[in-house]
$ cat work.pdb   # PDB, C-alpha atoms
ATOM      1  CA  MET A 802      -6.715 -31.575 -11.970  1.00  0.00           C
ATOM      2  CA  SER A 803      -7.346 -29.810  -8.675  1.00  0.00           C
ATOM      3  CA  GLN A 804      -6.150 -26.242  -8.175  1.00  0.00           C
ATOM      4  CA  PRO A 805      -4.890 -24.614  -4.969  1.00  0.00           C
ATOM      5  CA  ALA A 806      -7.754 -23.054  -3.042  1.00  0.00           C
ATOM      6  CA  LEU A 807      -7.979 -19.366  -2.300  1.00  0.00           C
ATOM      7  CA  LEU A 808      -6.080 -18.381   0.830  1.00  0.00           C
ATOM      8  CA  SER A 809      -8.156 -17.849   3.939  1.00  0.00           C
ATOM      9  CA  PRO A 810      -7.598 -14.805   6.180  1.00  0.00           C
ATOM     10  CA  ASP A 811      -7.116 -17.385   8.977  1.00  0.00           C
ATOM     11  CA  ASN A 812      -5.675 -14.796  11.378  1.00  0.00           C
ATOM     12  CA  ARG A 813      -2.904 -13.836   8.968  1.00  0.00           C
ATOM     13  CA  VAL A 814      -0.995 -10.756  10.143  1.00  0.00           C
ATOM     14  CA  VAL A 815      -0.922  -7.724   7.843  1.00  0.00           C
ATOM     15  CA  MET A 816       0.988  -4.458   8.242  1.00  0.00           C
ATOM     16  CA  ILE A 817      -0.628  -1.384   6.636  1.00  0.00           C
ATOM     17  CA  SER A 818       1.084   2.003   6.463  1.00  0.00           C
ATOM     18  CA  GLY A 819      -0.921   5.223   6.412  1.00  0.00           C
ATOM     19  CA  ALA A 820      -4.075   3.573   7.752  1.00  0.00           C
ATOM     20  CA  SER A 821      -5.554   6.482   9.692  1.00  0.00           C
ATOM     21  CA  ARG A 822      -7.770   7.734   6.866  1.00  0.00           C
ATOM     22  CA  GLY A 823      -8.708   7.333   3.223  1.00  0.00           C
ATOM     23  CA  ILE A 824      -7.564   4.244   1.364  1.00  0.00           C
ATOM     24  CA  GLY A 825      -5.587   2.876   4.306  1.00  0.00           C
ATOM     25  CA  ALA A 826      -8.498   3.101   6.724  1.00  0.00           C
ATOM     26  CA  ALA A 827     -10.794   1.445   4.185  1.00  0.00           C
ATOM     27  CA  ILE A 828      -8.321  -1.402   3.693  1.00  0.00           C
ATOM     28  CA  ALA A 829      -7.984  -1.856   7.446  1.00  0.00           C
ATOM     29  CA  THR A 830     -11.753  -1.908   7.952  1.00  0.00           C
ATOM     30  CA  ARG A 831     -12.230  -4.499   5.214  1.00  0.00           C
ATOM     31  CA  LEU A 832      -9.411  -6.789   6.334  1.00  0.00           C
ATOM     32  CA  LEU A 833     -10.502  -6.701   9.967  1.00  0.00           C
ATOM     33  CA  ALA A 834     -14.007  -7.698   8.884  1.00  0.00           C
ATOM     34  CA  ASP A 835     -12.523 -10.553   6.853  1.00  0.00           C
ATOM     35  CA  GLY A 836     -10.653 -11.941   9.853  1.00  0.00           C
ATOM     36  CA  TYR A 837      -7.089 -10.707   9.430  1.00  0.00           C
ATOM     37  CA  ARG A 838      -4.980  -9.442  12.309  1.00  0.00           C
ATOM     38  CA  LEU A 839      -3.606  -5.988  11.580  1.00  0.00           C
ATOM     39  CA  SER A 840      -0.726  -3.771  12.573  1.00  0.00           C
ATOM     40  CA  LEU A 841      -1.399  -0.197  11.481  1.00  0.00           C
ATOM     41  CA  GLY A 842       1.547   2.164  11.071  1.00  0.00           C
ATOM     42  CA  VAL A 843       0.329   5.750  11.457  1.00  0.00           C
ATOM     43  CA  ARG A 844       1.414   9.202  12.612  1.00  0.00           C
ATOM     44  CA  GLU A 845      -1.742   9.828  14.664  1.00  0.00           C
ATOM     45  CA  VAL A 846      -1.718   6.824  16.965  1.00  0.00           C
ATOM     46  CA  ASP A 847      -4.303   7.950  19.516  1.00  0.00           C
ATOM     47  CA  ARG A 848      -6.798   9.128  16.908  1.00  0.00           C
ATOM     48  CA  THR A 849      -6.457   5.888  14.955  1.00  0.00           C
ATOM     49  CA  ARG A 850      -6.862   3.747  18.080  1.00  0.00           C
ATOM     50  CA  GLU A 851     -10.022   5.677  18.864  1.00  0.00           C
ATOM     51  CA  ALA A 852     -11.352   5.148  15.343  1.00  0.00           C
ATOM     52  CA  PHE A 853     -10.854   1.381  15.701  1.00  0.00           C
ATOM     53  CA  ALA A 854     -11.814   1.224  19.371  1.00  0.00           C
ATOM     54  CA  ASP A 855     -14.399  -1.508  18.776  1.00  0.00           C
ATOM     55  CA  THR A 856     -11.726  -3.899  17.503  1.00  0.00           C
ATOM     56  CA  GLY A 857     -10.302  -6.406  19.942  1.00  0.00           C
ATOM     57  CA  LYS A 858      -6.691  -5.915  21.020  1.00  0.00           C
ATOM     58  CA  ASP A 859      -5.839  -9.437  19.925  1.00  0.00           C
ATOM     59  CA  ASN A 860      -6.653  -8.521  16.319  1.00  0.00           C
ATOM     60  CA  LEU A 861      -5.228  -5.003  16.090  1.00  0.00           C
ATOM     61  CA  ALA A 862      -2.073  -3.113  16.948  1.00  0.00           C
ATOM     62  CA  VAL A 863      -1.739   0.599  16.172  1.00  0.00           C
ATOM     63  CA  GLU A 864       1.851   1.798  16.157  1.00  0.00           C
ATOM     64  CA  TYR A 865       3.724   4.971  15.319  1.00  0.00           C
ATOM     65  CA  PHE A 866       5.192   5.177  11.827  1.00  0.00           C
ATOM     66  CA  GLU A 867       6.462   8.275  10.057  1.00  0.00           C
ATOM     67  CA  ALA A 868       7.753   7.807   6.514  1.00  0.00           C
ATOM     68  CA  ASN A 869      10.365  10.534   6.988  1.00  0.00           C
ATOM     69  CA  GLU A 870      11.781   8.900  10.121  1.00  0.00           C
ATOM     70  CA  PRO A 871      13.777   5.781   9.142  1.00  0.00           C
ATOM     71  CA  GLU A 872      14.033   4.525  12.720  1.00  0.00           C
ATOM     72  CA  SER A 873      10.234   4.387  13.029  1.00  0.00           C
ATOM     73  CA  ALA A 874      10.076   1.695  10.333  1.00  0.00           C
ATOM     74  CA  ALA A 875      12.284  -0.729  12.254  1.00  0.00           C
ATOM     75  CA  ALA A 876      10.479   0.036  15.499  1.00  0.00           C
ATOM     76  CA  TRP A 877       7.093  -0.638  13.873  1.00  0.00           C
ATOM     77  CA  VAL A 878       8.204  -3.977  12.445  1.00  0.00           C
ATOM     78  CA  ASP A 879       9.706  -4.980  15.807  1.00  0.00           C
ATOM     79  CA  ARG A 880       6.535  -4.059  17.714  1.00  0.00           C
ATOM     80  CA  THR A 881       4.400  -5.938  15.208  1.00  0.00           C
ATOM     81  CA  LEU A 882       6.421  -9.099  15.689  1.00  0.00           C
ATOM     82  CA  LEU A 883       6.397  -8.647  19.445  1.00  0.00           C
ATOM     83  CA  HIS A 884       2.600  -8.304  19.417  1.00  0.00           C
ATOM     84  CA  PHE A 885       1.719 -11.051  16.922  1.00  0.00           C
ATOM     85  CA  GLY A 886       4.843 -13.207  16.629  1.00  0.00           C
ATOM     86  CA  GLU A 887       4.606 -13.482  12.837  1.00  0.00           C
ATOM     87  CA  LEU A 888       3.978 -11.527   9.646  1.00  0.00           C
ATOM     88  CA  HIS A 889       2.181 -12.548   6.454  1.00  0.00           C
ATOM     89  CA  ALA A 890       1.656  -9.377   4.426  1.00  0.00           C
ATOM     90  CA  LEU A 891       2.799  -5.786   4.008  1.00  0.00           C
ATOM     91  CA  ILE A 892       0.667  -3.098   2.407  1.00  0.00           C
ATOM     92  CA  ASN A 893       2.638   0.032   1.549  1.00  0.00           C
ATOM     93  CA  ASN A 894      -0.159   2.566   1.367  1.00  0.00           C
ATOM     94  CA  ALA A 895       1.259   5.795   2.833  1.00  0.00           C
ATOM     95  CA  GLY A 896       1.902   8.359   0.113  1.00  0.00           C
ATOM     96  CA  ILE A 897       1.849  12.048  -0.756  1.00  0.00           C
ATOM     97  CA  TRP A 898       1.230  14.200  -3.829  1.00  0.00           C
ATOM     98  CA  ARG A 899       3.147  17.348  -4.714  1.00  0.00           C
ATOM     99  CA  GLN A 900       3.065  19.265  -7.980  1.00  0.00           C
ATOM    100  CA  VAL A 901       6.563  19.132  -9.431  1.00  0.00           C
ATOM    101  CA  ASN A 902       7.084  19.638 -13.146  1.00  0.00           C
ATOM    102  CA  PHE A 903       9.519  21.494 -15.382  1.00  0.00           C
ATOM    103  CA  GLU A 904       7.840  24.828 -14.603  1.00  0.00           C
ATOM    104  CA  GLU A 905       6.751  24.656 -10.953  1.00  0.00           C
ATOM    105  CA  GLY A 906       7.670  22.949  -7.714  1.00  0.00           C
ATOM    106  CA  ASP A 907      11.162  22.724  -6.265  1.00  0.00           C
ATOM    107  CA  GLU A 908      13.609  19.984  -5.414  1.00  0.00           C
ATOM    108  CA  ALA A 909      12.539  20.022  -1.780  1.00  0.00           C
ATOM    109  CA  ALA A 910       9.084  18.866  -2.905  1.00  0.00           C
ATOM    110  CA  LEU A 911      10.704  16.272  -5.160  1.00  0.00           C
ATOM    111  CA  ASP A 912      12.752  15.021  -2.207  1.00  0.00           C
ATOM    112  CA  ASP A 913       9.556  14.748  -0.137  1.00  0.00           C
ATOM    113  CA  LEU A 914       7.912  12.637  -2.836  1.00  0.00           C
ATOM    114  CA  TRP A 915      10.929  10.364  -3.028  1.00  0.00           C
ATOM    115  CA  ALA A 916      11.215  10.010   0.737  1.00  0.00           C
ATOM    116  CA  VAL A 917       7.566   9.073   1.324  1.00  0.00           C
ATOM    117  CA  ASN A 918       6.554   7.298  -1.886  1.00  0.00           C
ATOM    118  CA  VAL A 919       9.772   5.368  -2.568  1.00  0.00           C
ATOM    119  CA  LYS A 920      12.289   5.237   0.258  1.00  0.00           C
ATOM    120  CA  ALA A 921       9.778   4.487   3.019  1.00  0.00           C
ATOM    121  CA  PRO A 922       8.211   1.476   1.243  1.00  0.00           C
ATOM    122  CA  PHE A 923      11.687   0.293   0.216  1.00  0.00           C
ATOM    123  CA  ARG A 924      12.755   0.440   3.855  1.00  0.00           C
ATOM    124  CA  LEU A 925       9.683  -1.438   5.082  1.00  0.00           C
ATOM    125  CA  THR A 926      10.000  -4.072   2.371  1.00  0.00           C
ATOM    126  CA  ARG A 927      13.627  -4.693   3.275  1.00  0.00           C
ATOM    127  CA  LEU A 928      12.699  -5.112   6.945  1.00  0.00           C
ATOM    128  CA  ALA A 929       9.611  -7.244   6.348  1.00  0.00           C
ATOM    129  CA  LEU A 930      10.896  -9.539   3.611  1.00  0.00           C
ATOM    130  CA  PRO A 931      12.708 -12.090   5.822  1.00  0.00           C
ATOM    131  CA  HIS A 932       9.529 -12.587   7.847  1.00  0.00           C
ATOM    132  CA  LEU A 933       7.319 -12.780   4.759  1.00  0.00           C
ATOM    133  CA  LYS A 934       9.578 -15.471   3.327  1.00  0.00           C
ATOM    134  CA  LYS A 935       9.328 -17.478   6.532  1.00  0.00           C
ATOM    135  CA  CYS A 936       5.560 -18.044   6.296  1.00  0.00           C
ATOM    136  CA  GLY A 937       5.623 -19.348   2.714  1.00  0.00           C
ATOM    137  CA  ILE A 938       2.650 -17.221   1.575  1.00  0.00           C
ATOM    138  CA  GLY A 939       4.006 -13.715   2.124  1.00  0.00           C
ATOM    139  CA  ARG A 940       2.293 -10.908   0.279  1.00  0.00           C
ATOM    140  CA  ILE A 941       3.295  -7.329  -0.552  1.00  0.00           C
ATOM    141  CA  VAL A 942       0.805  -4.872  -2.030  1.00  0.00           C
ATOM    142  CA  ASN A 943       2.171  -1.473  -2.977  1.00  0.00           C
ATOM    143  CA  ILE A 944      -0.493   1.175  -3.554  1.00  0.00           C
ATOM    144  CA  ALA A 945       0.914   2.866  -6.635  1.00  0.00           C
ATOM    145  CA  SER A 946      -1.178   4.746  -9.215  1.00  0.00           C
ATOM    146  CA  THR A 947      -2.115   4.786 -12.855  1.00  0.00           C
ATOM    147  CA  ASP A 948       0.515   7.547 -12.880  1.00  0.00           C
ATOM    148  CA  GLY A 949       2.981   4.777 -12.093  1.00  0.00           C
ATOM    149  CA  ILE A 950       2.462   3.057 -15.446  1.00  0.00           C
ATOM    150  CA  ARG A 951       2.234   5.991 -17.846  1.00  0.00           C
ATOM    151  CA  PHE A 952       2.527   9.778 -18.069  1.00  0.00           C
ATOM    152  CA  ARG A 953      -0.970  11.046 -18.908  1.00  0.00           C
ATOM    153  CA  ASP A 954      -0.525  14.720 -19.822  1.00  0.00           C
ATOM    154  CA  THR A 955       1.148  17.951 -18.751  1.00  0.00           C
ATOM    155  CA  THR A 956      -1.293  18.563 -15.882  1.00  0.00           C
ATOM    156  CA  CYS A 957       0.318  15.622 -14.066  1.00  0.00           C
ATOM    157  CA  SER A 958       3.083  16.011 -11.513  1.00  0.00           C
ATOM    158  CA  ILE A 959       6.285  14.697 -13.039  1.00  0.00           C
ATOM    159  CA  GLY A 960       7.697  14.198  -9.546  1.00  0.00           C
ATOM    160  CA  TYR A 961       4.705  12.162  -8.372  1.00  0.00           C
ATOM    161  CA  THR A 962       4.715  10.117 -11.579  1.00  0.00           C
ATOM    162  CA  MET A 963       8.432   9.388 -11.201  1.00  0.00           C
ATOM    163  CA  SER A 964       7.946   8.241  -7.617  1.00  0.00           C
ATOM    164  CA  LYS A 965       5.092   5.907  -8.494  1.00  0.00           C
ATOM    165  CA  HIS A 966       7.002   4.462 -11.446  1.00  0.00           C
ATOM    166  CA  ALA A 967       9.781   3.695  -8.978  1.00  0.00           C
ATOM    167  CA  LEU A 968       7.293   2.018  -6.626  1.00  0.00           C
ATOM    168  CA  VAL A 969       6.075  -0.215  -9.462  1.00  0.00           C
ATOM    169  CA  ALA A 970       9.681  -1.151 -10.267  1.00  0.00           C
ATOM    170  CA  MET A 971      10.300  -1.948  -6.603  1.00  0.00           C
ATOM    171  CA  SER A 972       7.236  -4.215  -6.584  1.00  0.00           C
ATOM    172  CA  HIS A 973       8.711  -6.238  -9.432  1.00  0.00           C
ATOM    173  CA  ALA A 974      12.025  -6.453  -7.574  1.00  0.00           C
ATOM    174  CA  ALA A 975      10.373  -7.642  -4.352  1.00  0.00           C
ATOM    175  CA  ARG A 976       8.594 -10.386  -6.273  1.00  0.00           C
ATOM    176  CA  HIS A 977      11.916 -11.611  -7.649  1.00  0.00           C
ATOM    177  CA  PHE A 978      13.688 -11.484  -4.299  1.00  0.00           C
ATOM    178  CA  GLY A 979      10.964 -13.437  -2.502  1.00  0.00           C
ATOM    179  CA  TYR A 980       9.404 -15.640  -5.157  1.00  0.00           C
ATOM    180  CA  ASP A 981      11.125 -18.920  -4.338  1.00  0.00           C
ATOM    181  CA  ASP A 982       9.979 -18.543  -0.727  1.00  0.00           C
ATOM    182  CA  GLY A 983       6.332 -17.923  -1.601  1.00  0.00           C
ATOM    183  CA  VAL A 984       6.353 -14.112  -1.549  1.00  0.00           C
ATOM    184  CA  ARG A 985       4.116 -12.452  -4.141  1.00  0.00           C
ATOM    185  CA  ALA A 986       4.218  -8.684  -4.695  1.00  0.00           C
ATOM    186  CA  THR A 987       1.712  -6.551  -6.575  1.00  0.00           C
ATOM    187  CA  ALA A 988       1.766  -2.912  -7.626  1.00  0.00           C
ATOM    188  CA  LEU A 989      -1.886  -1.905  -7.365  1.00  0.00           C
ATOM    189  CA  CYS A 990      -2.401   1.111  -9.613  1.00  0.00           C
ATOM    190  CA  PRO A 991      -5.710   2.919  -9.010  1.00  0.00           C
ATOM    191  CA  GLY A 992      -6.816   6.049 -10.774  1.00  0.00           C
ATOM    192  CA  ALA A 993      -8.244   8.907  -8.733  1.00  0.00           C
ATOM    193  CA  VAL A 994      -9.727   7.772  -5.427  1.00  0.00           C
ATOM    194  CA  ALA A 995     -12.252   9.899  -3.513  1.00  0.00           C
ATOM    195  CA  THR A 996      -9.890  11.033  -0.739  1.00  0.00           C
ATOM    196  CA  GLY A 997      -8.660  14.391   0.427  1.00  0.00           C
ATOM    197  CA  MET A 998      -5.228  13.905  -1.152  1.00  0.00           C
ATOM    198  CA  VAL A 999      -6.459  14.362  -4.722  1.00  0.00           C
ATOM    199  CA  ALA A1000      -9.033  17.091  -4.096  1.00  0.00           C
ATOM    200  CA  THR A1001      -6.870  19.860  -5.595  1.00  0.00           C
ATOM    201  CA  VAL A1002      -4.908  17.827  -8.146  1.00  0.00           C
ATOM    202  CA  PRO A1003      -5.032  19.421 -11.638  1.00  0.00           C
ATOM    203  CA  GLY A1004      -6.818  17.346 -14.272  1.00  0.00           C
ATOM    204  CA  VAL A1005      -8.147  14.870 -11.707  1.00  0.00           C
ATOM    205  CA  THR A1006     -11.156  12.696 -12.512  1.00  0.00           C
ATOM    206  CA  PRO A1007     -14.406  14.450 -11.474  1.00  0.00           C
ATOM    207  CA  LEU A1008     -15.524  13.554  -7.953  1.00  0.00           C
ATOM    208  CA  ALA A1009     -18.583  11.568  -9.034  1.00  0.00           C
ATOM    209  CA  GLU A1010     -16.390   9.309 -11.187  1.00  0.00           C
ATOM    210  CA  ARG A1011     -13.587   8.644  -8.704  1.00  0.00           C
ATOM    211  CA  LEU A1012     -13.025   5.250  -7.126  1.00  0.00           C
ATOM    212  CA  ALA A1013     -14.378   4.696  -3.641  1.00  0.00           C
ATOM    213  CA  PRO A1014     -11.690   3.755  -1.110  1.00  0.00           C
ATOM    214  CA  GLU A1015     -13.750   0.636  -0.424  1.00  0.00           C
ATOM    215  CA  THR A1016     -13.250  -0.462  -4.047  1.00  0.00           C
ATOM    216  CA  VAL A1017      -9.499  -0.360  -3.563  1.00  0.00           C
ATOM    217  CA  ALA A1018      -9.897  -2.202  -0.255  1.00  0.00           C
ATOM    218  CA  HIS A1019     -11.926  -4.949  -1.942  1.00  0.00           C
ATOM    219  CA  THR A1020      -9.196  -5.334  -4.556  1.00  0.00           C
ATOM    220  CA  VAL A1021      -6.509  -5.628  -1.892  1.00  0.00           C
ATOM    221  CA  ALA A1022      -8.556  -8.303  -0.120  1.00  0.00           C
ATOM    222  CA  THR A1023      -8.807 -10.216  -3.400  1.00  0.00           C
ATOM    223  CA  LEU A1024      -5.061 -10.012  -4.010  1.00  0.00           C
ATOM    224  CA  LEU A1025      -4.338 -11.313  -0.512  1.00  0.00           C
ATOM    225  CA  SER A1026      -6.611 -14.287  -1.137  1.00  0.00           C
ATOM    226  CA  LEU A1027      -4.869 -15.508  -4.292  1.00  0.00           C
ATOM    227  CA  PRO A1028      -2.744 -18.670  -4.052  1.00  0.00           C
ATOM    228  CA  ASN A1029       0.950 -18.709  -4.903  1.00  0.00           C
ATOM    229  CA  ASN A1030       0.314 -19.852  -8.463  1.00  0.00           C
ATOM    230  CA  ALA A1031      -1.745 -16.719  -9.218  1.00  0.00           C
ATOM    231  CA  SER A1032       0.876 -13.972  -9.081  1.00  0.00           C
ATOM    232  CA  VAL A1033      -0.347 -10.505 -10.104  1.00  0.00           C
ATOM    233  CA  ALA A1034       2.647  -8.298 -10.908  1.00  0.00           C
ATOM    234  CA  TRP A1035       0.675  -5.082 -11.405  1.00  0.00           C
ATOM    235  CA  MET A1036      -2.984  -4.192 -11.646  1.00  0.00           C
ATOM    236  CA  PRO A1037      -4.553  -0.939 -12.897  1.00  0.00           C
ATOM    237  CA  LEU A1038      -7.964   0.238 -11.678  1.00  0.00           C
ATOM    238  CA  ASN A1039      -8.654   3.113 -14.025  1.00  0.00           C
ATOM    239  CA  THR A1040     -11.459   5.646 -13.659  1.00  0.00           C
ATOM    240  CA  ARG A1041     -11.261   6.847 -17.241  1.00  0.00           C
ATOM    241  CA  LEU A1042     -10.888   5.365 -20.715  1.00  0.00           C
ATOM    242  CA  GLU A1043      -7.310   5.304 -21.960  1.00  0.00           C
ATOM    243  CA  SER A1044      -5.836   3.335 -24.824  1.00  0.00           C
ATOM    244  CA  THR A1045      -3.302   1.337 -22.791  1.00  0.00           C
ATOM    245  CA  VAL A1046      -4.327   1.541 -19.117  1.00  0.00           C
TER     246      VAL A1046
END

$ encode --input "work.pdb" --output "structure tokens"
Amino acid sequence: MSQPALLSPDNRVVMISGASRGIGAAIATRLLADGYRLSLGVREVDRTREAFADTGKDNLAVEYFEANEPESAAAWVDRTLLHFGELHALINNAGIWRQVNFEEGDEAALDDLWAVNVKAPFRLTRLALPHLKKCGIGRIVNIASTDGIRFRDTTCSIGYTMSKHALVAMSHAARHFGYDDGVRATALCPGAVATGMVATVPGVTPLAERLAPETVAHTVATLLSLPNNASVAWMPLNTRLESTV
């Protein structure tokens, strides 16, 4: 019995938030090399355009997106559709870390975590979902964290862990809302990645053992290539040995 083939990049259009550096930039670099057309949602538009200056305008759009500005989400989606005319995948990568536990951090920091790590991807998913349904092979990849599928120890930020748990839950919900129309959503849950965001995080995996951003990018490329009958609800990429992750 023949099985559906892996999906080709075939000029599929992908939106990536937070693609100016770190994991997002690595994902963008990999997907461009594979043959996708990208719309990058970033705060530093000029700097990001300069970084990707060698990419043809037909394959890349760099647009303003600020997670704390709801109107920028709708404007980014609209400009993406105006530029490319279609949408096949959304990668919610933009995120922040703040230390908020029962002894330190305040509710303002907790609100920041919720705004960037939960509300912004919720907003983008809501806007993108009708267009992802239309193509029949829509994909959503939410860059969560191993902190989104367990609470490791008291060095962790409770606020960050809560926000990433919520992002995992939202990934499951998106899969349900789009499944009959070919949308597949995955919560990708890496451990510590060698980026500036985790440099000062307490209890973080030592630098030499952290994931390379390119490893996460390779995993995203693999998820985007899977056919509709290979749905991955969530996927941990741990950097350390744990009993359940």

$ atom_distance --input "work.pdb" --atom1 "CA of Glu870 (chain A)" --atom2 "CA of Leu928 (chain A)"
14.4 Å

$ closest_residue --input "work.pdb" --among "A:Leu861, A:Leu968, A:Ile828, A:Val999" --to "Arg899 (chain A)" --atoms "only C-alpha atoms"
A:Val999

$ residues_around --input "work.pdb" --residues "Ala1022 (chain A)" --least-positions-apart "5" --cutoff "12 Å" --atoms "all atoms listed in the file" --output "PyMOL selection string"
chain A and resi 807-810+815+827-837+890+892+940-942+989+1015-1017+1027

$ residues_near_point --input "work.pdb" --point "(-4.0, 3.2, 11.4)" --cutoff "7 Å" --atoms "all atoms listed in the file" --output "PyMOL selection string"
chain A and resi 819-821+826+841-843+849+863

$ residues_near_point --input "work.pdb" --point "(6.5, 16.4, -10.8)" --cutoff "12 Å" --atoms "all atoms listed in the file" --output "ChimeraX atom specification"
/A:897-915,948,952,954-966,1002-1003

$ resolve_selection --input "work.pdb" --expression "the PyMOL selection byres ((chain A and resi 805) around 10)" --output "PyMOL selection string"
chain A and resi 803-804+806-808+1027-1031

$ closest_residue --input "work.pdb" --among "A:Leu930, A:Asn894, A:Asp879, A:Met971" --to "Val984 (chain A)" --atoms "all atoms listed in the file"
A:Leu930
